[in-house]
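*Asks:* Please find run06.cif (mmCIF, C-alpha atoms; chains and numbers go by the auth columns) on the next line:
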data_query
#
loop_
_atom_site.group_PDB
_atom_site.id
_atom_site.type_symbol
_atom_site.label_atom_id
_atom_site.label_comp_id
_atom_site.label_asym_id
_atom_site.label_seq_id
_atom_site.Cartn_x
_atom_site.Cartn_y
_atom_site.Cartn_z
_atom_site.B_iso_or_equiv
_atom_site.auth_seq_id
_atom_site.auth_asym_id
ATOM 1 C CA GLN A 1 -6.561 14.155 9.080 0.00 1 A
ATOM 2 C CA LYS A 2 -8.080 11.926 6.433 0.00 2 A
ATOM 3 C CA GLU A 3 -8.682 8.523 7.925 0.00 3 A
ATOM 4 C CA VAL A 4 -9.599 5.016 6.919 0.00 4 A
ATOM 5 C CA GLU A 5 -11.005 2.820 9.658 0.00 5 A
ATOM 6 C CA GLN A 6 -11.011 -0.948 9.812 0.00 6 A
ATOM 7 C CA ASN A 7 -11.682 -3.415 12.592 0.00 7 A
ATOM 8 C CA SER A 8 -8.310 -5.002 13.346 0.00 8 A
ATOM 9 C CA GLY A 9 -9.861 -8.408 14.041 0.00 9 A
ATOM 10 C CA PRO A 10 -9.047 -11.182 13.935 0.00 10 A
ATOM 11 C CA LEU A 11 -12.154 -12.151 12.031 0.00 11 A
ATOM 12 C CA SER A 12 -12.502 -15.915 12.317 0.00 12 A
ATOM 13 C CA VAL A 13 -14.640 -17.852 9.839 0.00 13 A
ATOM 14 C CA PRO A 14 -14.863 -21.557 9.031 0.00 14 A
ATOM 15 C CA GLU A 15 -13.785 -22.864 5.662 0.00 15 A
ATOM 16 C CA GLY A 16 -16.549 -22.435 3.079 0.00 16 A
ATOM 17 C CA ALA A 17 -18.222 -19.530 4.871 0.00 17 A
ATOM 18 C CA ILE A 18 -18.565 -15.931 3.689 0.00 18 A
ATOM 19 C CA ALA A 19 -16.110 -13.474 5.203 0.00 19 A
ATOM 20 C CA SER A 20 -17.260 -9.858 5.369 0.00 20 A
ATOM 21 C CA LEU A 21 -14.649 -7.144 5.790 0.00 21 A
ATOM 22 C CA ASN A 22 -15.654 -3.546 6.358 0.00 22 A
ATOM 23 C CA CYS A 23 -14.024 -0.160 5.954 0.00 23 A
ATOM 24 C CA THR A 24 -15.159 3.416 6.531 0.00 24 A
ATOM 25 C CA TYR A 25 -13.418 6.542 5.333 0.00 25 A
ATOM 26 C CA SER A 26 -13.614 10.203 6.239 0.00 26 A
ATOM 27 C CA ASP A 27 -12.662 11.984 3.001 0.00 27 A
ATOM 28 C CA ARG A 28 -15.862 12.655 1.032 0.00 28 A
ATOM 29 C CA GLY A 29 -13.789 13.623 -1.998 0.00 29 A
ATOM 30 C CA SER A 30 -12.285 10.157 -2.357 0.00 30 A
ATOM 31 C CA GLN A 31 -12.962 8.536 -5.714 0.00 31 A
ATOM 32 C CA SER A 32 -11.025 5.259 -5.784 0.00 32 A
ATOM 33 C CA PHE A 33 -11.144 2.409 -3.321 0.00 33 A
ATOM 34 C CA PHE A 34 -8.833 -0.561 -3.134 0.00 34 A
ATOM 35 C CA TRP A 35 -8.615 -3.811 -1.242 0.00 35 A
ATOM 36 C CA TYR A 36 -5.155 -5.294 -0.796 0.00 36 A
ATOM 37 C CA ARG A 37 -4.289 -8.626 0.774 0.00 37 A
ATOM 38 C CA GLN A 38 -1.094 -8.904 2.820 0.00 38 A
ATOM 39 C CA TYR A 39 0.250 -12.216 4.022 0.00 39 A
ATOM 40 C CA SER A 40 2.467 -12.127 7.076 0.00 40 A
ATOM 41 C CA GLY A 41 5.940 -10.923 6.155 0.00 41 A
ATOM 42 C CA LYS A 42 4.908 -10.146 2.582 0.00 42 A
ATOM 43 C CA SER A 43 3.965 -7.026 0.658 0.00 43 A
ATOM 44 C CA PRO A 44 0.383 -5.989 -0.169 0.00 44 A
ATOM 45 C CA GLU A 45 -1.152 -7.415 -3.328 0.00 45 A
ATOM 46 C CA LEU A 46 -4.223 -5.955 -5.041 0.00 46 A
ATOM 47 C CA ILE A 47 -7.483 -7.872 -4.678 0.00 47 A
ATOM 48 C CA MET A 48 -10.128 -5.453 -5.888 0.00 48 A
ATOM 49 C CA PHE A 49 -10.560 -1.903 -7.169 0.00 49 A
ATOM 50 C CA ILE A 50 -13.883 -0.053 -7.169 0.00 50 A
ATOM 51 C CA TYR A 51 -14.924 3.519 -7.833 0.00 51 A
ATOM 52 C CA SER A 52 -18.650 3.339 -8.587 0.00 52 A
ATOM 53 C CA ASN A 53 -21.403 2.883 -6.044 0.00 53 A
ATOM 54 C CA GLY A 54 -22.736 -0.644 -5.892 0.00 54 A
ATOM 55 C CA ASP A 55 -21.184 -4.069 -6.173 0.00 55 A
ATOM 56 C CA LYS A 56 -18.253 -5.325 -8.181 0.00 56 A
ATOM 57 C CA GLU A 57 -17.610 -9.046 -8.410 0.00 57 A
ATOM 58 C CA ASP A 58 -14.412 -10.874 -9.315 0.00 58 A
ATOM 59 C CA GLY A 59 -14.463 -14.602 -8.733 0.00 59 A
ATOM 60 C CA ARG A 60 -15.026 -15.282 -5.034 0.00 60 A
ATOM 61 C CA PHE A 61 -14.548 -11.613 -4.164 0.00 61 A
ATOM 62 C CA THR A 62 -17.190 -8.878 -4.160 0.00 62 A
ATOM 63 C CA ALA A 63 -16.442 -5.267 -3.330 0.00 63 A
ATOM 64 C CA GLN A 64 -19.305 -3.030 -2.253 0.00 64 A
ATOM 65 C CA LEU A 65 -19.177 0.760 -2.234 0.00 65 A
ATOM 66 C CA ASN A 66 -21.598 3.241 -0.695 0.00 66 A
ATOM 67 C CA LYS A 67 -20.237 6.750 -1.068 0.00 67 A
ATOM 68 C CA ALA A 68 -23.173 8.347 0.748 0.00 68 A
ATOM 69 C CA SER A 69 -22.361 6.306 3.831 0.00 69 A
ATOM 70 C CA GLN A 70 -18.590 6.495 3.182 0.00 70 A
ATOM 71 C CA TYR A 71 -18.419 2.740 3.447 0.00 71 A
ATOM 72 C CA VAL A 72 -16.672 0.067 1.425 0.00 72 A
ATOM 73 C CA SER A 73 -16.688 -3.644 2.077 0.00 73 A
ATOM 74 C CA LEU A 74 -15.170 -6.848 0.756 0.00 74 A
ATOM 75 C CA LEU A 75 -17.008 -10.153 0.739 0.00 75 A
ATOM 76 C CA ILE A 76 -15.103 -13.383 0.282 0.00 76 A
ATOM 77 C CA ARG A 77 -17.318 -16.320 -0.616 0.00 77 A
ATOM 78 C CA ASP A 78 -16.345 -19.934 -0.005 0.00 78 A
ATOM 79 C CA SER A 79 -13.479 -18.821 2.241 0.00 79 A
ATOM 80 C CA GLN A 80 -10.367 -20.980 2.110 0.00 80 A
ATOM 81 C CA PRO A 81 -7.545 -21.347 4.664 0.00 81 A
ATOM 82 C CA SER A 82 -5.290 -19.738 2.025 0.00 82 A
ATOM 83 C CA ASP A 83 -7.400 -16.579 2.373 0.00 83 A
ATOM 84 C CA SER A 84 -6.035 -16.137 5.899 0.00 84 A
ATOM 85 C CA ALA A 85 -4.199 -12.825 5.725 0.00 85 A
ATOM 86 C CA THR A 86 -4.556 -9.162 6.620 0.00 86 A
ATOM 87 C CA TYR A 87 -6.847 -7.222 4.294 0.00 87 A
ATOM 88 C CA LEU A 88 -6.000 -3.579 3.796 0.00 88 A
ATOM 89 C CA CYS A 89 -8.524 -1.010 2.675 0.00 89 A
ATOM 90 C CA ALA A 90 -7.027 1.929 0.781 0.00 90 A
ATOM 91 C CA VAL A 91 -8.727 5.113 -0.348 0.00 91 A
ATOM 92 C CA ASN A 92 -7.357 7.806 -2.589 0.00 92 A
ATOM 93 C CA SER A 93 -7.153 11.241 -1.057 0.00 93 A
ATOM 94 C CA SER A 94 -9.110 14.137 -2.496 0.00 94 A
ATOM 95 C CA GLY A 95 -5.772 15.909 -2.357 0.00 95 A
ATOM 96 C CA GLY A 96 -4.474 13.714 -5.170 0.00 96 A
ATOM 97 C CA PHE A 97 -5.538 10.407 -6.649 0.00 97 A
ATOM 98 C CA GLN A 98 -2.030 9.018 -6.187 0.00 98 A
ATOM 99 C CA LYS A 99 -2.125 9.651 -2.454 0.00 99 A
ATOM 100 C CA LEU A 100 -3.519 6.466 -0.992 0.00 100 A
ATOM 101 C CA VAL A 101 -4.599 6.433 2.622 0.00 101 A
ATOM 102 C CA PHE A 102 -4.568 2.956 4.142 0.00 102 A
ATOM 103 C CA GLY A 103 -6.430 1.459 7.047 0.00 103 A
ATOM 104 C CA THR A 104 -4.583 -0.637 9.608 0.00 104 A
ATOM 105 C CA GLY A 105 -6.089 -3.780 8.110 0.00 105 A
ATOM 106 C CA THR A 106 -8.350 -6.595 9.252 0.00 106 A
ATOM 107 C CA ARG A 107 -6.774 -9.922 10.024 0.00 107 A
ATOM 108 C CA LEU A 108 -8.815 -12.802 8.618 0.00 108 A
ATOM 109 C CA LEU A 109 -8.434 -16.364 9.912 0.00 109 A
ATOM 110 C CA VAL A 110 -10.131 -19.148 7.972 0.00 110 A
ATOM 111 C CA SER A 111 -10.159 -22.423 9.866 0.00 111 A
ATOM 112 C CA PRO A 112 -10.296 -25.795 8.072 0.00 112 A
ATOM 113 C CA GLU B 1 13.041 -10.024 -13.118 0.00 1 B
ATOM 114 C CA THR B 2 9.393 -9.135 -13.084 0.00 2 B
ATOM 115 C CA GLY B 3 7.218 -6.696 -11.178 0.00 3 B
ATOM 116 C CA VAL B 4 8.781 -4.511 -8.531 0.00 4 B
ATOM 117 C CA THR B 5 12.021 -5.582 -6.856 0.00 5 B
ATOM 118 C CA GLN B 6 13.693 -4.166 -3.769 0.00 6 B
ATOM 119 C CA THR B 7 17.146 -4.612 -2.281 0.00 7 B
ATOM 120 C CA PRO B 8 18.250 -5.337 0.302 0.00 8 B
ATOM 121 C CA ARG B 9 15.406 -7.373 1.756 0.00 9 B
ATOM 122 C CA HIS B 10 16.742 -6.962 5.289 0.00 10 B
ATOM 123 C CA LEU B 11 18.968 -4.250 6.732 0.00 11 B
ATOM 124 C CA VAL B 12 20.370 -3.628 10.187 0.00 12 B
ATOM 125 C CA MET B 13 22.074 -0.308 10.754 0.00 13 B
ATOM 126 C CA GLY B 14 23.360 1.825 13.568 0.00 14 B
ATOM 127 C CA MET B 15 22.112 5.357 14.139 0.00 15 B
ATOM 128 C CA THR B 16 25.314 6.835 12.704 0.00 16 B
ATOM 129 C CA ASN B 17 25.365 4.724 9.549 0.00 17 B
ATOM 130 C CA LYS B 18 24.461 5.746 6.018 0.00 18 B
ATOM 131 C CA LYS B 19 22.708 3.227 3.837 0.00 19 B
ATOM 132 C CA SER B 20 20.521 3.174 0.738 0.00 20 B
ATOM 133 C CA LEU B 21 17.470 1.191 -0.274 0.00 21 B
ATOM 134 C CA LYS B 22 16.961 0.389 -3.935 0.00 22 B
ATOM 135 C CA CYS B 23 13.776 -0.215 -5.873 0.00 23 B
ATOM 136 C CA GLU B 24 13.409 -1.209 -9.507 0.00 24 B
ATOM 137 C CA GLN B 25 10.181 -1.651 -11.428 0.00 25 B
ATOM 138 C CA HIS B 26 9.934 -3.776 -14.580 0.00 26 B
ATOM 139 C CA LEU B 27 6.340 -2.837 -15.409 0.00 27 B
ATOM 140 C CA GLY B 28 6.946 0.158 -17.657 0.00 28 B
ATOM 141 C CA HIS B 29 5.251 2.456 -15.151 0.00 29 B
ATOM 142 C CA ASN B 30 5.875 6.183 -14.878 0.00 30 B
ATOM 143 C CA ALA B 31 5.232 6.743 -11.171 0.00 31 B
ATOM 144 C CA MET B 32 7.036 5.352 -8.127 0.00 32 B
ATOM 145 C CA TYR B 33 6.374 5.583 -4.415 0.00 33 B
ATOM 146 C CA TRP B 34 7.981 4.964 -1.040 0.00 34 B
ATOM 147 C CA TYR B 35 5.817 3.786 1.860 0.00 35 B
ATOM 148 C CA LYS B 36 6.630 3.003 5.481 0.00 36 B
ATOM 149 C CA GLN B 37 4.812 0.232 7.349 0.00 37 B
ATOM 150 C CA SER B 38 5.311 0.117 11.112 0.00 38 B
ATOM 151 C CA ALA B 39 3.821 -2.474 13.440 0.00 39 B
ATOM 152 C CA LYS B 40 0.212 -1.732 14.371 0.00 40 B
ATOM 153 C CA LYS B 41 0.156 1.327 12.117 0.00 41 B
ATOM 154 C CA PRO B 42 -1.296 1.822 8.637 0.00 42 B
ATOM 155 C CA LEU B 43 0.902 2.087 5.585 0.00 43 B
ATOM 156 C CA GLU B 44 2.193 5.649 5.348 0.00 44 B
ATOM 157 C CA LEU B 45 2.959 7.293 2.039 0.00 45 B
ATOM 158 C CA MET B 46 6.379 8.972 2.151 0.00 46 B
ATOM 159 C CA PHE B 47 7.248 10.146 -1.352 0.00 47 B
ATOM 160 C CA VAL B 48 5.743 10.164 -4.834 0.00 48 B
ATOM 161 C CA TYR B 49 7.688 10.515 -8.074 0.00 49 B
ATOM 162 C CA ASN B 50 6.053 11.084 -11.459 0.00 50 B
ATOM 163 C CA PHE B 51 8.253 10.924 -14.541 0.00 51 B
ATOM 164 C CA LYS B 52 11.319 11.166 -12.252 0.00 52 B
ATOM 165 C CA GLU B 53 10.048 14.335 -10.556 0.00 53 B
ATOM 166 C CA GLN B 54 9.089 14.389 -6.899 0.00 54 B
ATOM 167 C CA THR B 55 5.476 15.432 -6.587 0.00 55 B
ATOM 168 C CA GLU B 56 4.803 14.514 -2.970 0.00 56 B
ATOM 169 C CA ASN B 57 6.784 14.652 0.251 0.00 57 B
ATOM 170 C CA ASN B 58 4.486 13.645 3.071 0.00 58 B
ATOM 171 C CA SER B 59 6.311 15.632 5.766 0.00 59 B
ATOM 172 C CA VAL B 60 9.106 13.088 5.889 0.00 60 B
ATOM 173 C CA PRO B 61 12.155 13.946 8.064 0.00 61 B
ATOM 174 C CA SER B 62 15.252 14.981 6.139 0.00 62 B
ATOM 175 C CA ARG B 63 17.168 11.930 7.362 0.00 63 B
ATOM 176 C CA PHE B 64 15.268 10.153 4.574 0.00 64 B
ATOM 177 C CA SER B 65 16.438 11.345 1.165 0.00 65 B
ATOM 178 C CA PRO B 66 14.849 9.918 -1.997 0.00 66 B
ATOM 179 C CA GLU B 67 16.410 9.816 -5.428 0.00 67 B
ATOM 180 C CA CYS B 68 14.795 8.885 -8.729 0.00 68 B
ATOM 181 C CA PRO B 69 17.326 8.816 -11.588 0.00 69 B
ATOM 182 C CA ASN B 70 14.795 7.446 -14.089 0.00 70 B
ATOM 183 C CA SER B 71 11.259 6.090 -14.194 0.00 71 B
ATOM 184 C CA SER B 72 12.404 2.553 -13.401 0.00 72 B
ATOM 185 C CA HIS B 73 14.633 3.157 -10.398 0.00 73 B
ATOM 186 C CA LEU B 74 14.018 4.691 -7.013 0.00 74 B
ATOM 187 C CA PHE B 75 16.368 4.978 -4.069 0.00 75 B
ATOM 188 C CA LEU B 76 15.900 5.931 -0.446 0.00 76 B
ATOM 189 C CA HIS B 77 19.059 7.203 1.193 0.00 77 B
ATOM 190 C CA LEU B 78 19.155 6.823 4.958 0.00 78 B
ATOM 191 C CA HIS B 79 21.384 8.669 7.427 0.00 79 B
ATOM 192 C CA THR B 80 21.375 9.226 11.183 0.00 80 B
ATOM 193 C CA LEU B 81 18.189 7.253 11.615 0.00 81 B
ATOM 194 C CA GLN B 82 16.433 6.701 14.919 0.00 82 B
ATOM 195 C CA PRO B 83 15.251 3.391 16.403 0.00 83 B
ATOM 196 C CA GLU B 84 11.645 4.446 15.747 0.00 84 B
ATOM 197 C CA ASP B 85 12.470 4.413 12.031 0.00 85 B
ATOM 198 C CA SER B 86 12.643 0.620 12.192 0.00 86 B
ATOM 199 C CA ALA B 87 9.897 -0.604 9.881 0.00 87 B
ATOM 200 C CA LEU B 88 9.117 -2.282 6.579 0.00 88 B
ATOM 201 C CA TYR B 89 9.836 0.086 3.708 0.00 89 B
ATOM 202 C CA LEU B 90 7.798 -0.623 0.631 0.00 90 B
ATOM 203 C CA CYS B 91 8.270 0.642 -2.873 0.00 91 B
ATOM 204 C CA ALA B 92 5.375 0.764 -5.319 0.00 92 B
ATOM 205 C CA SER B 93 4.826 1.786 -8.907 0.00 93 B
ATOM 206 C CA SER B 94 1.869 2.709 -11.075 0.00 94 B
ATOM 207 C CA GLN B 95 1.012 4.011 -14.506 0.00 95 B
ATOM 208 C CA VAL B 96 -0.364 7.507 -14.280 0.00 96 B
ATOM 209 C CA GLY B 97 -2.732 8.457 -17.079 0.00 97 B
ATOM 210 C CA LEU B 98 -2.653 11.842 -18.744 0.00 98 B
ATOM 211 C CA ALA B 99 -6.267 12.520 -17.850 0.00 99 B
ATOM 212 C CA GLY B 100 -5.854 11.683 -14.173 0.00 100 B
ATOM 213 C CA GLY B 101 -8.669 10.343 -12.086 0.00 101 B
ATOM 214 C CA PRO B 102 -9.658 6.818 -11.103 0.00 102 B
ATOM 215 C CA ASN B 103 -8.441 4.135 -13.438 0.00 103 B
ATOM 216 C CA ILE B 104 -7.582 0.512 -12.793 0.00 104 B
ATOM 217 C CA GLN B 105 -4.352 1.041 -14.688 0.00 105 B
ATOM 218 C CA GLU B 106 -3.298 3.523 -12.012 0.00 106 B
ATOM 219 C CA THR B 107 -3.338 0.857 -9.332 0.00 107 B
ATOM 220 C CA GLN B 108 -0.185 0.794 -7.272 0.00 108 B
ATOM 221 C CA TYR B 109 1.842 -2.416 -7.278 0.00 109 B
ATOM 222 C CA PHE B 110 4.153 -3.102 -4.379 0.00 110 B
ATOM 223 C CA GLY B 111 7.616 -4.589 -4.113 0.00 111 B
ATOM 224 C CA PRO B 112 8.533 -7.142 -1.433 0.00 112 B
ATOM 225 C CA GLY B 113 9.853 -4.485 0.916 0.00 113 B
ATOM 226 C CA THR B 114 13.005 -3.927 2.943 0.00 114 B
ATOM 227 C CA ARG B 115 12.793 -4.830 6.618 0.00 115 B
ATOM 228 C CA LEU B 116 14.897 -2.180 8.398 0.00 116 B
ATOM 229 C CA LEU B 117 16.135 -2.376 11.962 0.00 117 B
ATOM 230 C CA VAL B 118 17.879 0.644 13.445 0.00 118 B
ATOM 231 C CA LEU B 119 19.926 -0.076 16.547 0.00 119 B
#
Using the file provided, produce a representation of the structure as structure tokens.

*Replies:*
Amino acid sequence: QKEVEQNSGPLSVPEGAIASLNCTYSDRGSQSFFWYRQYSGKSPELIMFIYSNGDKEDGRFTAQLNKASQYVSLLIRDSQPSDSATYLCAVNSSGGFQKLVFGTGTRLLVSP
Amino acid sequence: ETGVTQTPRHLVMGMTNKKSLKCEQHLGHNAMYWYKQSAKKPLELMFVYNFKEQTENNSVPSRFSPECPNSSHLFLHLHTLQPEDSALYLCASSQVGLAGGPNIQETQYFGPGTRLLVL
């Protein structure tokens, strides 16, 4: 069973701090890695996409990928209360790039 | 309408009922998906359709029957469901490239979901 593991949290950070969200995956053949944000009662929305080792930055968000360690992370700089949500890590399966395997998500709480 | 829309947004049904969920994408994509999201569980892929053809059935029970009449519309027909089928059902769409492989354009975009309660 291909798995994606995330700490369920909640991860609590004060406003303005850096939030670090981590994800590990078991399928070594995975090529694409996604971070989605899901507010309570809402559907997931894409935050970041990465498929090369290293860092990818987009505004306050940085995704980090280490395929050797099968590890992907999301850093949120200058965290805002509006960032409070569940962050889902998704990894494409080696059995097909359209088959995304999701983690259970990490709940982030940013306090004012 | 923009993005991916789903109707109804909420549905309560008995175990003997038959109902259908509808999804429509306005993004010009050629692939559509059904996912199930249960409490405390990760999103589970149910079905994948590419160019109206089903390419993935993730061992979904036959009481869930998908239908994709064209690349913009996707249905999920429900019959004789069980209480454990209560969940958020999400539709997604993406643009699949001819070459395959990782591509930002192949990102899946989700609809708002249908919250289903089976009594």

*Asks:* Of the residues A:Met48, A:Ala90, A:Asp58, A:Ser84, which is the one nearest to Phe102 (chain A), using all atoms listed in the file?

*Replies:*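 Closest residue, counting all atoms listed in the file: A:Ala90.
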
*Asks:* Output the residue selection produced by the PyMOL selection byres ((chain B) within 6 of (chain A)) on the file above, formatted as a ChimeraX atom specification.

*Replies:* /B:41-43,102,112

*Asks:* Which residues of region 10-52 of chain A sit at most 8 Å from region 66-76 of chain A, using all atoms listed in the file? Give each one's shortest atom pair and distance in Å (one decimal place), in chain and ascending residue order, as JSON lines.

*Replies:*
{"residue": "A:Ile18", "atom": "CA", "partner": "A:Ile76", "partner_atom": "CA", "distance": 5.5}
{"residue": "A:Ala19", "atom": "CA", "partner": "A:Ile76", "partner_atom": "CA", "distance": 5.0}
{"residue": "A:Ser20", "atom": "CA", "partner": "A:Leu75", "partner_atom": "CA", "distance": 4.6}
{"residue": "A:Leu21", "atom": "CA", "partner": "A:Leu74", "partner_atom": "CA", "distance": 5.1}
{"residue": "A:Asn22", "atom": "CA", "partner": "A:Ser73", "partner_atom": "CA", "distance": 4.4}
{"residue": "A:Cys23", "atom": "CA", "partner": "A:Val72", "partner_atom": "CA", "distance": 5.3}
{"residue": "A:Thr24", "atom": "CA", "partner": "A:Tyr71", "partner_atom": "CA", "distance": 4.5}
{"residue": "A:Tyr25", "atom": "CA", "partner": "A:Gln70", "partner_atom": "CA", "distance": 5.6}
{"residue": "A:Ser26", "atom": "CA", "partner": "A:Gln70", "partner_atom": "CA", "distance": 6.9}
{"residue": "A:Arg28", "atom": "CA", "partner": "A:Gln70", "partner_atom": "CA", "distance": 7.1}
{"residue": "A:Phe33", "atom": "CA", "partner": "A:Val72", "partner_atom": "CA", "distance": 7.7}
{"residue": "A:Trp35", "atom": "CA", "partner": "A:Leu74", "partner_atom": "CA", "distance": 7.5}

*Asks:* Could you state which residues are captured by the PyMOL selection byres ((chain B and resi 9-11) around 10) in this file, as a list in words?

*Replies:*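 Applied to this file, the PyMOL selection byres ((chain B and resi 9-11) around 10) selects Thr5, Gln6, Thr7, Pro8, Val12, Met13, Lys19, Ser20, Leu21, Lys22, Ser86, Leu88, Tyr89, Pro112, Gly113, Thr114, Arg115, Leu116, Leu117 and Val118 of chain B.
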
*Asks:* Determine, counting only C-alpha atoms, which protein, DNA and RNA residues have an atom within 8 Å of an atom of Cys68 (chain B); residues of the same chain fewer than 3 positions away are not included. Present the result as a list in words.

*Replies:*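 Listed by chain and then number, they are Tyr49, Lys52, Glu53, Ser71, His73, Leu74 and Phe75 of chain B.
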
*Asks:* On this structure, which residues satisfy the PyMOL selection byres ((chain B and resi 80) around 6), written as a PyMOL selection string?

*Replies:* chain B and resi 15-16+79+81

*Asks:* Report the distance between CA of Gln38 (chain A) and CA of Glu67 (chain B) in Å, rounded to one decimal place.

*Replies:* 26.9 Å

*Asks:* With all atoms listed in the file as the counted atoms, please give the residues lying no more than 10 Å from Leu27 (chain B), apart from itself and same-chain residues fewer than 6 positions off, as a compact mmCIF listing (two decimals) with C-alpha atoms, keeping the file's coordinate frame.

*Replies:*
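File produced: part03.txt:
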# COMPACT_ATOMS: atom_id res chain seq x y z
CA THR B 2 9.39 -9.14 -13.08
CA GLY B 3 7.22 -6.70 -11.18
CA VAL B 4 8.78 -4.51 -8.53
CA SER B 72 12.40 2.55 -13.40
CA SER B 93 4.83 1.79 -8.91
CA SER B 94 1.87 2.71 -11.08
CA GLN B 95 1.01 4.01 -14.51
CA TYR B 109 1.84 -2.42 -7.28

*Asks:* Enter the distance from CA of Met46 (chain B) to CA of Val91 (chain A), in Å, rounded to one decimal.

*Replies:*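 These atoms are spaced 15.8 Å apart.
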
*Asks:* Distance CA of Asn50 (chain B)-CA of Val96 (chain B), one decimal place?

*Replies:*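 These two atoms are separated by 7.9 Å.
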
*Asks:* Choose the residue, out of A:Leu65, A:Arg77, A:Ser82, A:Tyr39, that has the smallest atom-to-atom separation from Ser111 (chain A); count all atoms listed in the file.

*Replies:*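 For Ser111 (chain A), the nearest of the candidates is A:Ser82.
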
*Asks:* With distances taken over all atoms listed in the file, which of B:Val48, B:Leu78, B:Gly97, B:Cys91 is nearest to Asn17 (chain B)?

*Replies:*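 Distance minimum relative to Asn17 (chain B) lands on B:Leu78.
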
*Asks:* Would you fill out region 87-99 of chain A with N, CA, C and O atoms and return it as a short mmCIF file (atom, residue, chain, number, x, y, z; two decimals), keeping the file's coordinate frame?

*Replies:*
data_model
loop_
_atom_site.label_atom_id
_atom_site.label_comp_id
_atom_site.auth_asym_id
_atom_site.auth_seq_id
_atom_site.Cartn_x
_atom_site.Cartn_y
_atom_site.Cartn_z
N TYR A 87 -6.24 -7.91 5.43
CA TYR A 87 -6.85 -7.22 4.29
C TYR A 87 -6.83 -5.72 4.56
O TYR A 87 -7.39 -5.24 5.54
N LEU A 88 -6.17 -5.01 3.66
CA LEU A 88 -6.00 -3.58 3.80
C LEU A 88 -6.97 -2.84 2.88
O LEU A 88 -7.04 -3.14 1.69
N CYS A 89 -7.66 -1.90 3.45
CA CYS A 89 -8.52 -1.01 2.68
C CYS A 89 -7.72 0.25 2.38
O CYS A 89 -7.05 0.79 3.27
N ALA A 90 -7.75 0.71 1.15
CA ALA A 90 -7.03 1.93 0.78
C ALA A 90 -7.95 2.84 -0.01
O ALA A 90 -8.72 2.37 -0.87
N VAL A 91 -7.84 4.11 0.25
CA VAL A 91 -8.73 5.11 -0.35
C VAL A 91 -7.87 6.24 -0.88
O VAL A 91 -6.94 6.69 -0.20
N ASN A 92 -8.18 6.70 -2.09
CA ASN A 92 -7.36 7.81 -2.59
C ASN A 92 -7.82 9.10 -1.95
O ASN A 92 -9.00 9.31 -1.70
N SER A 93 -6.86 9.97 -1.71
CA SER A 93 -7.15 11.24 -1.06
C SER A 93 -7.69 12.25 -2.06
O SER A 93 -7.27 12.27 -3.22
N SER A 94 -8.61 13.07 -1.62
CA SER A 94 -9.11 14.14 -2.50
C SER A 94 -8.00 15.12 -2.83
O SER A 94 -8.11 15.92 -3.76
N GLY A 95 -6.91 15.05 -2.07
CA GLY A 95 -5.77 15.91 -2.36
C GLY A 95 -4.91 15.41 -3.49
O GLY A 95 -3.93 16.05 -3.86
N GLY A 96 -5.25 14.27 -4.06
CA GLY A 96 -4.47 13.71 -5.17
C GLY A 96 -4.75 12.24 -5.29
O GLY A 96 -4.64 11.51 -4.31
N PHE A 97 -5.12 11.80 -6.50
CA PHE A 97 -5.54 10.41 -6.65
C PHE A 97 -4.39 9.44 -6.40
O PHE A 97 -4.61 8.25 -6.17
N GLN A 98 -3.14 9.92 -6.46
CA GLN A 98 -2.03 9.02 -6.19
C GLN A 98 -1.76 8.86 -4.69
O GLN A 98 -1.00 8.00 -4.30
N LYS A 99 -2.36 9.71 -3.88
CA LYS A 99 -2.12 9.65 -2.45
C LYS A 99 -3.12 8.68 -1.82
O LYS A 99 -4.26 9.03 -1.54
#
